[in-house]
$ cat target_15.txt   # compact mmCIF, C-alpha atoms
# COMPACT_ATOMS: atom_id res chain seq x y z
CA ASN A 1235 -10.47 -5.94 -12.42
CA PHE A 1236 -12.46 -4.15 -9.74
CA MET A 1237 -12.27 -0.72 -8.12
CA LEU A 1238 -12.59 0.41 -4.53
CA THR A 1239 -14.32 3.75 -4.12
CA GLN A 1240 -13.83 5.93 -1.04
CA PRO A 1241 -15.08 9.41 -0.21
CA HIS A 1242 -12.44 11.99 -1.00
CA SER A 1243 -12.59 13.58 2.43
CA VAL A 1244 -14.39 13.49 5.76
CA SER A 1245 -14.17 15.75 8.77
CA GLU A 1246 -15.31 15.49 12.34
CA SER A 1247 -14.64 16.99 15.74
CA PRO A 1248 -12.40 15.53 18.43
CA GLY A 1249 -14.16 12.99 20.59
CA LYS A 1250 -16.72 12.14 17.91
CA THR A 1251 -17.03 9.04 15.72
CA VAL A 1252 -16.37 8.91 11.99
CA THR A 1253 -16.94 6.14 9.46
CA ILE A 1254 -15.11 5.87 6.14
CA SER A 1255 -16.67 3.69 3.47
CA CYS A 1256 -15.02 1.64 0.73
CA THR A 1257 -17.30 0.27 -1.98
CA ARG A 1258 -16.24 -2.54 -4.28
CA SER A 1259 -17.34 -2.09 -7.90
CA SER A 1260 -17.61 -5.73 -8.93
CA GLY A 1261 -17.28 -9.05 -7.22
CA SER A 1262 -18.26 -9.62 -3.64
CA ILE A 1263 -16.67 -7.55 -0.86
CA ALA A 1264 -16.73 -10.73 1.21
CA SER A 1265 -14.71 -12.76 -1.27
CA ASN A 1266 -11.35 -11.29 -0.22
CA TYR A 1267 -10.18 -9.64 2.97
CA VAL A 1268 -10.08 -5.85 3.24
CA GLN A 1269 -7.22 -3.97 4.86
CA TRP A 1270 -7.09 -0.34 5.95
CA TYR A 1271 -3.94 1.78 6.03
CA GLN A 1272 -3.26 5.10 7.70
CA GLN A 1273 -0.78 7.48 6.11
CA ARG A 1274 0.32 10.66 7.80
CA PRO A 1275 1.99 13.39 5.71
CA GLY A 1276 5.54 12.51 4.81
CA SER A 1277 5.31 8.97 6.22
CA SER A 1278 4.86 5.48 4.90
CA PRO A 1279 1.46 3.82 5.31
CA THR A 1280 0.77 1.69 8.38
CA THR A 1281 -1.88 -0.97 8.87
CA VAL A 1282 -4.79 -0.09 11.15
CA ILE A 1283 -7.09 -2.98 10.15
CA TYR A 1284 -6.36 -6.26 8.41
CA GLU A 1285 -8.58 -9.17 7.40
CA ASP A 1286 -11.73 -7.00 7.47
CA ASN A 1287 -11.81 -6.36 11.22
CA GLN A 1288 -8.55 -7.35 12.89
CA ARG A 1289 -6.38 -4.78 14.65
CA PRO A 1290 -2.60 -5.11 14.66
CA SER A 1291 -1.00 -4.89 18.07
CA GLY A 1292 -0.46 -1.29 19.01
CA VAL A 1293 -3.52 0.02 17.15
CA PRO A 1294 -6.04 1.39 19.65
CA ASP A 1295 -9.44 -0.26 19.91
CA ARG A 1296 -10.95 3.06 18.80
CA PHE A 1297 -10.31 1.70 15.31
CA SER A 1298 -12.67 -0.95 13.99
CA GLY A 1299 -13.47 -2.46 10.61
CA SER A 1300 -16.46 -4.21 9.12
CA ILE A 1301 -17.93 -5.35 5.83
CA ASP A 1302 -21.51 -5.16 4.58
CA SER A 1303 -22.46 -7.53 1.80
CA SER A 1304 -25.74 -5.74 1.14
CA SER A 1305 -23.91 -2.58 0.06
CA ASN A 1306 -20.82 -4.47 -1.10
CA SER A 1307 -18.70 -2.20 1.00
CA ALA A 1308 -16.25 -2.13 3.86
CA SER A 1309 -16.09 0.49 6.58
CA LEU A 1310 -13.47 1.87 8.90
CA THR A 1311 -14.87 3.42 12.06
CA ILE A 1312 -12.80 5.58 14.37
CA SER A 1313 -14.38 6.51 17.68
CA GLY A 1314 -13.22 9.05 20.24
CA LEU A 1315 -11.43 10.99 17.52
CA LYS A 1316 -8.10 12.54 18.39
CA THR A 1317 -6.19 15.16 16.47
CA GLU A 1318 -3.48 12.56 15.87
CA ASP A 1319 -5.96 10.54 13.79
CA GLU A 1320 -5.85 13.23 11.11
CA ALA A 1321 -4.37 11.41 8.11
CA ASP A 1322 -5.17 9.78 4.79
CA TYR A 1323 -6.83 6.36 4.98
CA TYR A 1324 -6.75 3.75 2.23
CA CYS A 1325 -8.72 0.55 1.89
CA GLN A 1326 -7.22 -2.39 0.01
CA SER A 1327 -8.38 -5.75 -1.26
CA TYR A 1328 -7.35 -8.48 -3.65
CA ASP A 1329 -8.61 -10.45 -6.64
CA SER A 1330 -7.05 -12.55 -9.38
CA LEU A 1331 -3.45 -12.00 -8.33
CA ASN A 1332 -3.96 -8.23 -8.14
CA TRP A 1333 -3.99 -5.96 -5.13
CA VAL A 1334 -6.23 -2.91 -5.41
CA PHE A 1335 -6.20 0.24 -3.30
CA GLY A 1336 -9.06 2.66 -2.85
CA GLY A 1337 -8.40 6.24 -3.83
CA GLY A 1338 -7.92 7.33 -0.24
CA THR A 1339 -9.90 9.47 2.20
CA LYS A 1340 -8.47 12.53 3.89
CA LEU A 1341 -9.67 12.66 7.49
CA THR A 1342 -9.66 16.10 9.09
CA VAL A 1343 -10.16 16.34 12.84
CA LEU A 1344 -11.14 19.87 13.74
CA GLN B 889 12.53 -5.34 14.64
CA VAL B 890 11.44 -5.67 11.04
CA GLN B 891 12.90 -3.08 8.71
CA LEU B 892 12.73 -2.48 4.99
CA VAL B 893 15.40 0.00 3.96
CA GLN B 894 15.22 1.40 0.45
CA SER B 895 17.84 3.03 -1.72
CA GLY B 896 18.09 6.77 -2.09
CA ALA B 897 16.37 9.27 -4.33
CA GLU B 898 16.96 9.15 -8.08
CA VAL B 899 16.69 11.66 -10.89
CA LYS B 900 16.31 10.21 -14.35
CA LYS B 901 15.73 11.50 -17.86
CA PRO B 902 12.72 10.39 -19.91
CA GLY B 903 13.36 7.07 -21.60
CA ALA B 904 15.86 5.91 -18.99
CA SER B 905 15.46 3.12 -16.43
CA VAL B 906 15.60 3.17 -12.65
CA LYS B 907 16.34 0.35 -10.22
CA VAL B 908 15.23 0.70 -6.59
CA SER B 909 16.44 -1.66 -3.88
CA CYS B 910 14.72 -2.78 -0.68
CA LYS B 911 16.82 -4.48 2.01
CA ALA B 912 14.91 -6.54 4.56
CA SER B 913 15.99 -7.31 8.11
CA GLY B 914 14.40 -8.60 11.28
CA TYR B 915 12.55 -11.49 9.65
CA THR B 916 13.17 -14.36 7.25
CA PHE B 917 13.33 -12.67 3.86
CA THR B 918 11.74 -15.61 2.05
CA SER B 919 8.71 -15.75 4.37
CA TYR B 920 6.63 -13.03 2.70
CA ASP B 921 6.03 -11.66 -0.76
CA ILE B 922 7.56 -8.28 -1.52
CA ASN B 923 5.11 -5.86 -3.11
CA TRP B 924 5.89 -2.55 -4.76
CA VAL B 925 3.56 0.43 -4.49
CA ARG B 926 4.00 3.93 -5.83
CA GLN B 927 2.50 7.28 -4.94
CA ALA B 928 2.66 10.40 -7.06
CA THR B 929 2.70 13.69 -5.17
CA GLY B 930 -0.71 14.39 -3.68
CA GLN B 931 -2.13 11.19 -5.14
CA GLY B 932 -3.15 7.78 -3.81
CA LEU B 933 -1.38 4.47 -3.53
CA GLU B 934 -0.91 2.44 -6.72
CA TRP B 935 0.07 -1.23 -6.56
CA MET B 936 2.68 -2.23 -9.13
CA GLY B 937 3.30 -5.90 -8.53
CA TRP B 938 4.57 -8.65 -6.27
CA MET B 939 7.49 -11.02 -6.04
CA ASN B 940 7.92 -14.21 -4.06
CA PRO B 941 11.47 -14.01 -2.67
CA ASN B 942 11.63 -17.77 -2.27
CA SER B 943 10.77 -18.80 -5.83
CA GLY B 944 11.40 -15.54 -7.65
CA ASN B 945 7.92 -15.75 -9.14
CA THR B 946 6.41 -12.38 -9.98
CA GLY B 947 3.07 -10.84 -10.87
CA TYR B 948 2.71 -7.37 -12.29
CA ALA B 949 -0.23 -4.98 -12.53
CA GLN B 950 -1.40 -4.81 -16.12
CA LYS B 951 -0.49 -1.13 -16.32
CA PHE B 952 3.19 -1.90 -15.78
CA GLN B 953 3.54 -5.16 -17.70
CA GLY B 954 6.47 -4.95 -20.09
CA ARG B 955 8.06 -2.04 -18.22
CA VAL B 956 8.67 -3.39 -14.71
CA THR B 957 10.94 -6.16 -13.50
CA MET B 958 11.10 -7.37 -9.91
CA THR B 959 14.06 -9.44 -8.77
CA ARG B 960 15.85 -10.40 -5.58
CA ASN B 961 19.15 -11.46 -4.10
CA THR B 962 18.35 -13.80 -1.23
CA SER B 963 21.97 -13.87 -0.02
CA ILE B 964 21.64 -10.23 1.04
CA SER B 965 17.87 -10.21 1.70
CA THR B 966 17.31 -7.53 -0.91
CA ALA B 967 14.56 -7.03 -3.45
CA TYR B 968 14.78 -4.85 -6.52
CA MET B 969 12.26 -3.07 -8.73
CA GLU B 970 13.37 -1.83 -12.12
CA LEU B 971 11.12 0.41 -14.19
CA SER B 972 12.10 1.19 -17.77
CA SER B 973 11.09 3.68 -20.47
CA LEU B 974 10.51 6.30 -17.82
CA ARG B 975 8.21 9.22 -18.49
CA SER B 976 7.31 12.28 -16.45
CA GLU B 977 4.18 10.54 -15.14
CA ASP B 978 6.43 8.02 -13.39
CA THR B 979 7.64 10.72 -10.99
CA ALA B 980 6.56 9.34 -7.61
CA VAL B 981 7.63 7.85 -4.31
CA TYR B 982 8.14 4.12 -4.69
CA TYR B 983 7.57 1.86 -1.67
CA CYS B 984 8.35 -1.77 -1.03
CA ALA B 985 6.01 -3.56 1.36
CA SER B 986 6.05 -7.00 2.91
CA GLY B 987 4.20 -9.05 5.48
CA ALA B 988 0.74 -10.55 5.56
CA PRO B 989 -0.15 -8.79 3.47
CA PHE B 990 1.47 -5.33 3.78
CA ASP B 991 2.50 -5.19 7.43
CA TYR B 992 5.88 -3.64 6.80
CA TRP B 993 6.76 -0.75 4.53
CA GLY B 994 10.01 0.78 3.40
CA GLN B 995 10.65 4.47 3.87
CA GLY B 996 10.01 5.20 0.20
CA THR B 997 12.28 6.24 -2.66
CA LEU B 998 11.57 9.39 -4.63
CA VAL B 999 12.10 8.93 -8.34
CA THR B 1000 11.99 12.12 -10.37
CA VAL B 1001 11.77 11.91 -14.16
CA SER B 1002 12.72 15.17 -15.78
CA SER B 1003 14.57 16.34 -18.86
$ encode --input "target_15.txt" --output "C-alpha cells"
Amino acid sequence: NFMLTQPHSVSESPGKTVTISCTRSSGSIASNYVQWYQQRPGSSPTTVIYEDNQRPSGVPDRFSGSIDSSSNSASLTISGLKTEDEADYYCQSYDSLNWVFGGGTKLTVL
Amino acid sequence: QVQLVQSGAEVKKPGASVKVSCKASGYTFTSYDINWVRQATGQGLEWMGWMNPNSGNTGYAQKFQGRVTMTRNTSISTAYMELSSLRSEDTAVYYCASGAPFDYWGQGTLVTVSS
C-alpha cells in the first residue's frame, strides 16, 4: 500500500494564499483521484475538493486543487485566507480497494 | 437533506466488542458505499473499511482484518460496524461516511476502551 505525506502544519496571514502539499509514496498520483477534506475542531470532516480539482457546491472558489505528476503530489491552495479557514486539512486517495488518508495539516490563520 | 445519524457514545472494557450504527436518510441507501473512518484524540483520520449496502460486500483495511465486521439492514437504511477484541488503542471517534466518495459524514461516535 502507499502513503500520503502532508506537512504537519502551515500558517499564513488573512488575505494571503497558502498551499498544502500531499505527496504519494508509491504509484502515480494521477492514477486515482485525490480528495481534500476540511475538519474544524469538534466537527466531522467536509469535502472541499474532490476528483483532484472539483469543488462541491457551497465551497468558495478560493479553494482549488491540482496534481503534479513530476513531484507525484497533489496540492490544495486557499487564496484570500479568512480566519474561518483555520482547520485541519486531509488529502485522500485510493488504490487496490483501499482508501488512504494523509496525516493531516493544521492550518493556522493569524 | 442527506443525513447520517450515528449511535451514541460507548464505554467498553478491554477484550469486549462494540457495535456502532449509522442510519442514512435523504438519499437511496443502496446508492453509495458506506465507509468507516476513525480518529483518535488529536490524531488523523484512519480508514477502516467499506461496505456496499446493495450487495453486502465488504472490504477491510489490513490492520482491522479479523476484528471488524460491517453489516447493514436495508429495510431501515442502517449500516453497522462491529469491532471486537477492543484494546485501549481503539479509543477514538468512529465515523461513517457515504457518497462519491465521502460526501456525507455522520456526527461521529466516541468509543472509549478502559478498564
$ closest_atom_pairs --input "target_15.txt" --of "chain A" --to "chain B" --cutoff "6 Å" --atoms "only C-alpha atoms" --output "JSON lines"
{"residue": "A:Ser1278", "atom": "CA", "partner": "B:Gln995", "partner_atom": "CA", "distance": 6.0}
{"residue": "A:Gly1337", "atom": "CA", "partner": "B:Gly932", "partner_atom": "CA", "distance": 5.5}
{"residue": "A:Gly1338", "atom": "CA", "partner": "B:Gly932", "partner_atom": "CA", "distance": 6.0}
$ residues_around --input "target_15.txt" --residues "Thr1342 (chain A)" --least-positions-apart "4" --cutoff "8 Å" --atoms "all atoms listed in the file" --output "list in words"
Ser1243, Val1244, Ser1245, Glu1246, Glu1320 and Ala1321 of chain A
$ closest_residue --input "target_15.txt" --among "B:Ala904, B:Met939, B:Leu998, B:Ile964" --to "Thr916 (chain B)" --atoms "all atoms listed in the file"
B:Ile964
$ closest_residue --input "target_15.txt" --among "A:Met1237, A:Gly1299, A:Lys1316, A:Asp1329" --to "Tyr1271 (chain A)" --atoms "all atoms listed in the file"
A:Gly1299
$ closest_residue --input "target_15.txt" --among "A:Ile1283, A:Leu1238, A:Val1343, A:Leu1331" --to "Phe1297 (chain A)" --atoms "only C-alpha atoms"
A:Ile1283
$ residues_near_point --input "target_15.txt" --point "(18.4, -3.4, -3.0)" --cutoff "6 Å" --atoms "all atoms listed in the file" --output "ChimeraX atom specification"
/B:909-911,966-968
$ atom_distance --input "target_15.txt" --atom1 "CA of Pro941 (chain B)" --atom2 "CA of Val893 (chain B)"
16.0 Å
$ atom_distance --input "target_15.txt" --atom1 "CA of Asn940 (chain B)" --atom2 "CA of Gln1288 (chain A)"
24.6 Å
$ atom_distance --input "target_15.txt" --atom1 "CA of Gln953 (chain B)" --atom2 "CA of Ala897 (chain B)"
23.5 Å
$ axis_aligned_box --input "target_15.txt" --around "region 1316-1335 of chain A" --padding-each-side "8 Å" --output "JSON"
{"center_x": -6.1, "center_y": 1.3, "center_z": 4.5, "size_x": 21.3, "size_y": 43.7, "size_z": 43.8}
$ closest_residue --input "target_15.txt" --among "B:Ile922, B:Ala980, B:Leu974, B:Val999" --to "Gly896 (chain B)" --atoms "all atoms listed in the file"
B:Val999
$ residues_around --input "target_15.txt" --residues "region 1309-1311 of chain A" --least-positions-apart "3" --cutoff "6 Å" --atoms "all atoms listed in the file" --output "count of residues only"
8
$ residues_around --input "target_15.txt" --residues "Val899 (chain B)" --least-positions-apart "4" --cutoff "8 Å" --atoms "all atoms listed in the file" --output "mmCIF file with C-alpha atoms, in the coordinates of the input"
data_model
loop_
_atom_site.group_PDB
_atom_site.id
_atom_site.type_symbol
_atom_site.label_atom_id
_atom_site.label_comp_id
_atom_site.auth_asym_id
_atom_site.auth_seq_id
_atom_site.Cartn_x
_atom_site.Cartn_y
_atom_site.Cartn_z
ATOM 1 C CA VAL B 999 12.100 8.930 -8.340
ATOM 2 C CA THR B 1000 11.990 12.120 -10.370
ATOM 3 C CA VAL B 1001 11.770 11.910 -14.160
ATOM 4 C CA SER B 1002 12.720 15.170 -15.780
#
$ closest_residue --input "target_15.txt" --among "A:Gln1326, A:Asn1235, A:Asn1306, A:Thr1251" --to "Gln1272 (chain A)" --atoms "all atoms listed in the file"
A:Gln1326
$ closest_residue --input "target_15.txt" --among "B:Gly914, B:Gly987, B:Ser973, B:Asn942" --to "Thr959 (chain B)" --atoms "only C-alpha atoms"
B:Asn942
$ decode --input "target_15.txt" --residues "region 1253-1268 of chain A" --atoms "all heavy atoms" --output "PDB file, in the first residue's frame"
ATOM      1  N   THR A1253      -0.584  27.074   0.253  1.00  0.00           N
ATOM      2  CA  THR A1253      -0.674  25.804  -0.474  1.00  0.00           C
ATOM      3  C   THR A1253      -0.243  24.672   0.431  1.00  0.00           C
ATOM      4  O   THR A1253       0.811  24.753   1.082  1.00  0.00           O
ATOM      5  CB  THR A1253       0.196  25.827  -1.737  1.00  0.00           C
ATOM      6  OG1 THR A1253      -0.290  26.843  -2.626  1.00  0.00           O
ATOM      7  CG2 THR A1253       0.154  24.481  -2.453  1.00  0.00           C
ATOM      8  N   ILE A1254      -1.066  23.624   0.489  1.00  0.00           N
ATOM      9  CA  ILE A1254      -0.772  22.431   1.282  1.00  0.00           C
ATOM     10  C   ILE A1254      -0.477  21.288   0.321  1.00  0.00           C
ATOM     11  O   ILE A1254      -1.278  21.010  -0.582  1.00  0.00           O
ATOM     12  CB  ILE A1254      -1.958  22.081   2.196  1.00  0.00           C
ATOM     13  CG1 ILE A1254      -2.242  23.230   3.163  1.00  0.00           C
ATOM     14  CG2 ILE A1254      -1.681  20.789   2.955  1.00  0.00           C
ATOM     15  CD1 ILE A1254      -3.530  23.068   3.953  1.00  0.00           C
ATOM     16  N   SER A1255       0.640  20.630   0.519  1.00  0.00           N
ATOM     17  CA  SER A1255       1.040  19.552  -0.382  1.00  0.00           C
ATOM     18  C   SER A1255       0.667  18.190   0.185  1.00  0.00           C
ATOM     19  O   SER A1255       0.459  18.024   1.395  1.00  0.00           O
ATOM     20  CB  SER A1255       2.546  19.612  -0.633  1.00  0.00           C
ATOM     21  OG  SER A1255       3.247  19.411   0.586  1.00  0.00           O
ATOM     22  N   CYS A1256       0.619  17.217  -0.703  1.00  0.00           N
ATOM     23  CA  CYS A1256       0.254  15.833  -0.353  1.00  0.00           C
ATOM     24  C   CYS A1256       1.024  14.939  -1.323  1.00  0.00           C
ATOM     25  O   CYS A1256       0.669  14.863  -2.512  1.00  0.00           O
ATOM     26  CB  CYS A1256      -1.256  15.678  -0.503  1.00  0.00           C
ATOM     27  SG  CYS A1256      -1.895  13.980  -0.404  1.00  0.00           S
ATOM     28  N   THR A1257       2.065  14.290  -0.833  1.00  0.00           N
ATOM     29  CA  THR A1257       2.940  13.514  -1.698  1.00  0.00           C
ATOM     30  C   THR A1257       2.666  12.022  -1.563  1.00  0.00           C
ATOM     31  O   THR A1257       2.641  11.487  -0.451  1.00  0.00           O
ATOM     32  CB  THR A1257       4.420  13.798  -1.365  1.00  0.00           C
ATOM     33  OG1 THR A1257       4.664  15.208  -1.509  1.00  0.00           O
ATOM     34  CG2 THR A1257       5.344  13.016  -2.292  1.00  0.00           C
ATOM     35  N   ARG A1258       2.481  11.380  -2.703  1.00  0.00           N
ATOM     36  CA  ARG A1258       2.199   9.945  -2.716  1.00  0.00           C
ATOM     37  C   ARG A1258       3.517   9.177  -2.738  1.00  0.00           C
ATOM     38  O   ARG A1258       4.395   9.470  -3.545  1.00  0.00           O
ATOM     39  CB  ARG A1258       1.326   9.601  -3.921  1.00  0.00           C
ATOM     40  CG  ARG A1258       0.960   8.140  -4.019  1.00  0.00           C
ATOM     41  CD  ARG A1258      -0.171   7.892  -4.983  1.00  0.00           C
ATOM     42  NE  ARG A1258      -0.349   6.458  -5.202  1.00  0.00           N
ATOM     43  CZ  ARG A1258      -1.493   5.897  -5.594  1.00  0.00           C
ATOM     44  NH1 ARG A1258      -2.562   6.645  -5.800  1.00  0.00           N
ATOM     45  NH2 ARG A1258      -1.576   4.593  -5.768  1.00  0.00           N
ATOM     46  N   SER A1259       3.620   8.147  -1.886  1.00  0.00           N
ATOM     47  CA  SER A1259       4.896   7.450  -1.714  1.00  0.00           C
ATOM     48  C   SER A1259       5.218   6.468  -2.835  1.00  0.00           C
ATOM     49  O   SER A1259       6.394   6.271  -3.170  1.00  0.00           O
ATOM     50  CB  SER A1259       4.887   6.689  -0.377  1.00  0.00           C
ATOM     51  OG  SER A1259       3.865   5.703  -0.379  1.00  0.00           O
ATOM     52  N   SER A1260       4.191   5.848  -3.388  1.00  0.00           N
ATOM     53  CA  SER A1260       4.425   4.881  -4.461  1.00  0.00           C
ATOM     54  C   SER A1260       3.191   4.852  -5.339  1.00  0.00           C
ATOM     55  O   SER A1260       2.085   5.146  -4.876  1.00  0.00           O
ATOM     56  CB  SER A1260       4.722   3.494  -3.901  1.00  0.00           C
ATOM     57  OG  SER A1260       3.635   3.007  -3.146  1.00  0.00           O
ATOM     58  N   GLY A1261       3.391   4.497  -6.584  1.00  0.00           N
ATOM     59  CA  GLY A1261       2.304   4.583  -7.542  1.00  0.00           C
ATOM     60  C   GLY A1261       2.115   6.022  -7.969  1.00  0.00           C
ATOM     61  O   GLY A1261       2.548   6.966  -7.296  1.00  0.00           O
ATOM     62  N   SER A1262       1.454   6.200  -9.085  1.00  0.00           N
ATOM     63  CA  SER A1262       1.304   7.531  -9.645  1.00  0.00           C
ATOM     64  C   SER A1262       0.158   8.306  -8.986  1.00  0.00           C
ATOM     65  O   SER A1262      -0.938   7.780  -8.803  1.00  0.00           O
ATOM     66  CB  SER A1262       1.039   7.427 -11.148  1.00  0.00           C
ATOM     67  OG  SER A1262       0.662   8.680 -11.673  1.00  0.00           O
ATOM     68  N   ILE A1263       0.420   9.575  -8.668  1.00  0.00           N
ATOM     69  CA  ILE A1263      -0.616  10.439  -8.089  1.00  0.00           C
ATOM     70  C   ILE A1263      -1.782  10.589  -9.058  1.00  0.00           C
ATOM     71  O   ILE A1263      -2.921  10.822  -8.657  1.00  0.00           O
ATOM     72  CB  ILE A1263      -0.033  11.811  -7.718  1.00  0.00           C
ATOM     73  CG1 ILE A1263      -1.003  12.632  -6.838  1.00  0.00           C
ATOM     74  CG2 ILE A1263       0.331  12.607  -8.989  1.00  0.00           C
ATOM     75  CD1 ILE A1263      -1.150  12.099  -5.450  1.00  0.00           C
ATOM     76  N   ALA A1264      -1.494  10.422 -10.329  1.00  0.00           N
ATOM     77  CA  ALA A1264      -2.525  10.610 -11.358  1.00  0.00           C
ATOM     78  C   ALA A1264      -3.383   9.365 -11.567  1.00  0.00           C
ATOM     79  O   ALA A1264      -4.385   9.430 -12.290  1.00  0.00           O
ATOM     80  CB  ALA A1264      -1.872  11.008 -12.683  1.00  0.00           C
ATOM     81  N   SER A1265      -3.023   8.272 -10.947  1.00  0.00           N
ATOM     82  CA  SER A1265      -3.736   7.018 -11.208  1.00  0.00           C
ATOM     83  C   SER A1265      -5.088   6.950 -10.500  1.00  0.00           C
ATOM     84  O   SER A1265      -5.967   6.189 -10.906  1.00  0.00           O
ATOM     85  CB  SER A1265      -2.878   5.824 -10.811  1.00  0.00           C
ATOM     86  OG  SER A1265      -2.596   5.865  -9.426  1.00  0.00           O
ATOM     87  N   ASN A1266      -5.253   7.701  -9.447  1.00  0.00           N
ATOM     88  CA  ASN A1266      -6.522   7.731  -8.709  1.00  0.00           C
ATOM     89  C   ASN A1266      -6.793   9.155  -8.246  1.00  0.00           C
ATOM     90  O   ASN A1266      -5.876   9.878  -7.866  1.00  0.00           O
ATOM     91  CB  ASN A1266      -6.474   6.803  -7.490  1.00  0.00           C
ATOM     92  CG  ASN A1266      -6.196   5.371  -7.857  1.00  0.00           C
ATOM     93  OD1 ASN A1266      -5.042   4.939  -7.825  1.00  0.00           O
ATOM     94  ND2 ASN A1266      -7.212   4.629  -8.227  1.00  0.00           N
ATOM     95  N   TYR A1267      -8.051   9.523  -8.241  1.00  0.00           N
ATOM     96  CA  TYR A1267      -8.415  10.879  -7.829  1.00  0.00           C
ATOM     97  C   TYR A1267      -7.980  11.164  -6.394  1.00  0.00           C
ATOM     98  O   TYR A1267      -7.935  10.276  -5.546  1.00  0.00           O
ATOM     99  CB  TYR A1267      -9.923  11.087  -7.934  1.00  0.00           C
ATOM    100  CG  TYR A1267     -10.432  11.242  -9.343  1.00  0.00           C
ATOM    101  CD1 TYR A1267     -11.488  10.459  -9.806  1.00  0.00           C
ATOM    102  CD2 TYR A1267      -9.892  12.192 -10.203  1.00  0.00           C
ATOM    103  CE1 TYR A1267     -11.983  10.613 -11.098  1.00  0.00           C
ATOM    104  CE2 TYR A1267     -10.377  12.354 -11.492  1.00  0.00           C
ATOM    105  CZ  TYR A1267     -11.422  11.553 -11.935  1.00  0.00           C
ATOM    106  OH  TYR A1267     -11.901  11.724 -13.205  1.00  0.00           O
ATOM    107  N   VAL A1268      -7.733  12.454  -6.146  1.00  0.00           N
ATOM    108  CA  VAL A1268      -7.405  12.936  -4.804  1.00  0.00           C
ATOM    109  C   VAL A1268      -8.546  13.814  -4.306  1.00  0.00           C
ATOM    110  O   VAL A1268      -9.072  14.644  -5.061  1.00  0.00           O
ATOM    111  CB  VAL A1268      -6.077  13.735  -4.816  1.00  0.00           C
ATOM    112  CG1 VAL A1268      -5.807  14.343  -3.424  1.00  0.00           C
ATOM    113  CG2 VAL A1268      -4.926  12.836  -5.239  1.00  0.00           C
TER     114      VAL A1268
END
